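Peer 1: The structure under discussion is supplied below as structure tokens; questions concerning it will follow.
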Amino acid sequence: MPKKTQKLNSLDELKIIDDLSALFSSTLDLNTTLHETVELVSKVTGADACFLYLYNPFENLLVLSASKTPHPKEIGHLSLKMGEGITGWVAEHHRPVAIPKGAHKDPRFIGALPEDRFEAFLSVPILIKNKVVGVINAQHKKIFVTTPRLINLLSTIGRQVGGAIETARLYQETQKRAKAIEALKAVSFTLVQDHYSEDIMQRIIQMTAQLMGTNICSIMLLDEKKKELQIVASQSLDPEYRNKPPVKVMGSLSGQAVLSKQPVYTQDVRKESSYQYRDLAKRQGLVSMLAVPMIFKNKVLGLLNSYKPEIHHFSKEEVAFVQSVANQCAAAIENTRLLSEKVAAQEALESRKIIDRAKGLLMTKKNISENQAFREIRQQSMDRRRSMKEIAEAIILAFEIGEKDS
């Protein structure tokens with residue numbers, strides 16, 4: 001016997017809409033919004049299963065984002081192309097579909113989940129300002145006769161849900177921007193407090209990975225002579241990734257970021273012929289990659305890489321955040337290099353002064369030329385396997401002790 005639609009009067013419908021409005025005004029969490037929506041639709045329709053798909057405009061995909069039995073494990077992993085299946089048709093045409101029986105026989109039906117052989121299928125678009133945000137499906141194992149009134153109610157729910165989803169997403173983006181600002185402050189503070197070191201870089205990529213939600217984040221420095229990129233820091237504990245061979249700049253995906261001085265993004269490194277370690281990517285679960293050059297005064301010093309374990313579109317905000325971190329790292333690396341060169345120059349000057357003084361003492365004591373004094377210091381340095389500075393200091397010390405004794 002066909003399962004009949006739950007009878008709803010105007011007061012029932014008004015209460016449902018009021019309850020929905022109260023719910024959406026009480027939370028800005030997207031997952032809560034989606035979960036409560038499928039619960040409500042399931043209750044209103046008496047469905048055996050309810051699925052909510054969100055539209056990803058960057059990939060042109062409808063991604064399963066919430067469900068009430070029987071496939072919670074498919075959330076975030078199951079997707080349909082726009083126009084694919086009944087769900088894709090509803091999203092593409094912005095129109096609801098109600099099939100009372102034999103839904104799996106409909107030519108538009110796609111058995112993405114083979115064990116699901118629902119008899120009835122009710123699907124409505126989630127819209128905001130006439131743009132599709134997603135689709136809600138209510139499915140029944142038995143024949144289910146719906147009414148225009150129920151379809152109108154679900155369409156109204158779909159529009160309300162669309163507004164709530166948009167608000168929740170804006171809130172998420174605002175929160176993410178706030179976290180990004182705090183992370184950049186933390187990076188700046190870290191770099192100001194300490195000079196560049198691998199330990200500092202390690203702390204920075206850990207902060208970056210945490211904010212970006214990436215499974216691997218790494219810093220590669222450029223060897224200009226060899227034209228190679230070598231990993232110097234990574235939050236990955238797997239030695240296979242940390243110890244992978246240097247990446248050649250020419251002909252590599254990472255090298256494109258170096259040569260163009262622009263961020264490079266790919267949806268799936270496992271399918272990129274220019275990605276040199278595709279087998280490693282498959283073993284490590286690396287999918288989408290963002291490679292951002294570390295630039296200081298128009299000079300590329302290396303790359304900051306960020307990997308996602310699933311296909312992901314890196315937003316402008318995400319790219320801008322990673323670029324800011326990369327540029328701060330580049331400035332720290334270059335400033336440390338300049339400081340090291342300055343210290344080395346000072347040490348060289350100090351060594352030269354000490355050696356010159358030792359030469360003068362030898363010239364006076366042994367009545368020899370400057371060249372002869374220099375050769376003697378150099379010979380002692382070679383024989384004793386000590387630096388010329390150390391030999392010169394020993395000569396000066398011996399001379400000072402001798403003067404005291406006399």
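Lettering and numbering for the structure tokens are positional, with chains as A, B, ... in the shown order, residues counted from 1 in each chain, and ligands counted from 1 in the shown order.
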Please identify all polymer residues within 12 Å of A:Gly251, counting only C-alpha atoms, omitting same-chain residues fewer than 3 positions from it, and present them as a PyMOL selection string.
Peer 2: chain A and resi 227-228+247-248+254-259+272-276
Peer 1: List as JSON, numbers by chain the protein and nucleic acid residues near stretch 233-242 of chain A, meaning an atom at most 8 Å away when only C-alpha atoms are counted, but skip any in the same chain fewer than 4 places from it.
Peer 2: {"A": [198, 201, 202, 205, 206, 209, 215, 216, 217, 218, 219, 220, 280, 284]}
Peer 1: I need the residues from that last selection saved to file as an mmCIF file, in the first residue's frame (with C-alpha atoms), if you can.
Peer 2:
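Output (out31.cif):
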data_model
loop_
_atom_site.group_PDB
_atom_site.id
_atom_site.type_symbol
_atom_site.label_atom_id
_atom_site.label_comp_id
_atom_site.auth_asym_id
_atom_site.auth_seq_id
_atom_site.Cartn_x
_atom_site.Cartn_y
_atom_site.Cartn_z
ATOM 1 C CA GLU A 198 65.286 25.199 11.033
ATOM 2 C CA MET A 201 60.816 27.309 10.342
ATOM 3 C CA GLN A 202 59.447 24.118 11.898
ATOM 4 C CA ILE A 205 54.942 25.526 9.197
ATOM 5 C CA GLN A 206 53.158 23.847 12.101
ATOM 6 C CA ALA A 209 49.394 23.668 8.584
ATOM 7 C CA ASN A 215 48.086 17.161 6.185
ATOM 8 C CA ILE A 216 51.559 18.225 5.032
ATOM 9 C CA CYS A 217 53.193 21.647 4.961
ATOM 10 C CA SER A 218 56.851 22.114 4.074
ATOM 11 C CA ILE A 219 59.545 24.673 3.307
ATOM 12 C CA MET A 220 61.973 24.073 0.455
ATOM 13 C CA LEU A 280 55.056 9.083 -2.988
ATOM 14 C CA GLN A 284 51.266 9.791 1.619
#
Peer 1: Quote the spacing between atom CA of A:Val41 and atom CA of A:Lys105 in Å to one decimal place.
Peer 2: 23.9 Å
Peer 1: What's around A:Ser351 at 12 Å? Count only C-alpha atoms, leave out sequence neighbours fewer than 5 positions away in its own chain, and write the answer as a PyMOL selection string.
Peer 2: chain A and resi 344-346+356-358+387-393
Peer 1: May I have the selected residues written with N, CA and C atoms, as a CSV table (one decimal), in the first residue's frame?
Peer 2:
chain,number,residue,atom,x,y,z
A,344,ALA,N,80.7,37.1,9.8
A,344,ALA,CA,81.8,36.5,9.2
A,344,ALA,C,82.9,37.5,8.8
A,345,ALA,N,82.4,38.6,8.2
A,345,ALA,CA,83.4,39.7,7.8
A,345,ALA,C,84.1,40.3,9.0
A,346,GLN,N,83.3,40.5,10.1
A,346,GLN,CA,83.9,41.0,11.4
A,346,GLN,C,85.0,40.0,11.9
A,356,ASP,N,98.3,39.7,11.7
A,356,ASP,CA,99.2,40.8,11.4
A,356,ASP,C,100.1,41.1,12.6
A,357,ARG,N,99.5,41.1,13.8
A,357,ARG,CA,100.3,41.3,15.0
A,357,ARG,C,101.3,40.2,15.3
A,358,ALA,N,100.9,39.0,15.0
A,358,ALA,CA,101.8,37.8,15.2
A,358,ALA,C,102.9,37.9,14.2
A,387,SER,N,93.8,26.6,12.9
A,387,SER,CA,93.6,27.8,12.1
A,387,SER,C,94.8,28.7,12.3
A,388,MET,N,95.0,29.6,11.3
A,388,MET,CA,96.1,30.5,11.4
A,388,MET,C,95.8,31.5,12.5
A,389,LYS,N,94.5,31.8,12.8
A,389,LYS,CA,94.2,32.7,13.9
A,389,LYS,C,94.7,32.1,15.2
A,390,GLU,N,94.4,30.7,15.4
A,390,GLU,CA,94.8,30.1,16.6
A,390,GLU,C,96.3,30.1,16.8
A,391,ILE,N,97.0,29.8,15.7
A,391,ILE,CA,98.5,29.8,15.7
A,391,ILE,C,99.0,31.2,16.1
A,392,ALA,N,98.4,32.2,15.5
A,392,ALA,CA,98.8,33.6,15.8
A,392,ALA,C,98.5,34.0,17.2
A,393,GLU,N,97.4,33.6,17.8
A,393,GLU,CA,97.1,33.8,19.2
A,393,GLU,C,98.1,33.1,20.1
Peer 1: For a quick check of understanding, using only C-alpha atoms, which of A:Gly85, A:Lys366, A:Ile333, A:Val135 has the smallest distance to A:Ala66?
Peer 2: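 Checking each of A:Gly85, A:Lys366, A:Ile333, A:Val135 against A:Ala66, counting only C-alpha atoms, the winner is A:Val135.
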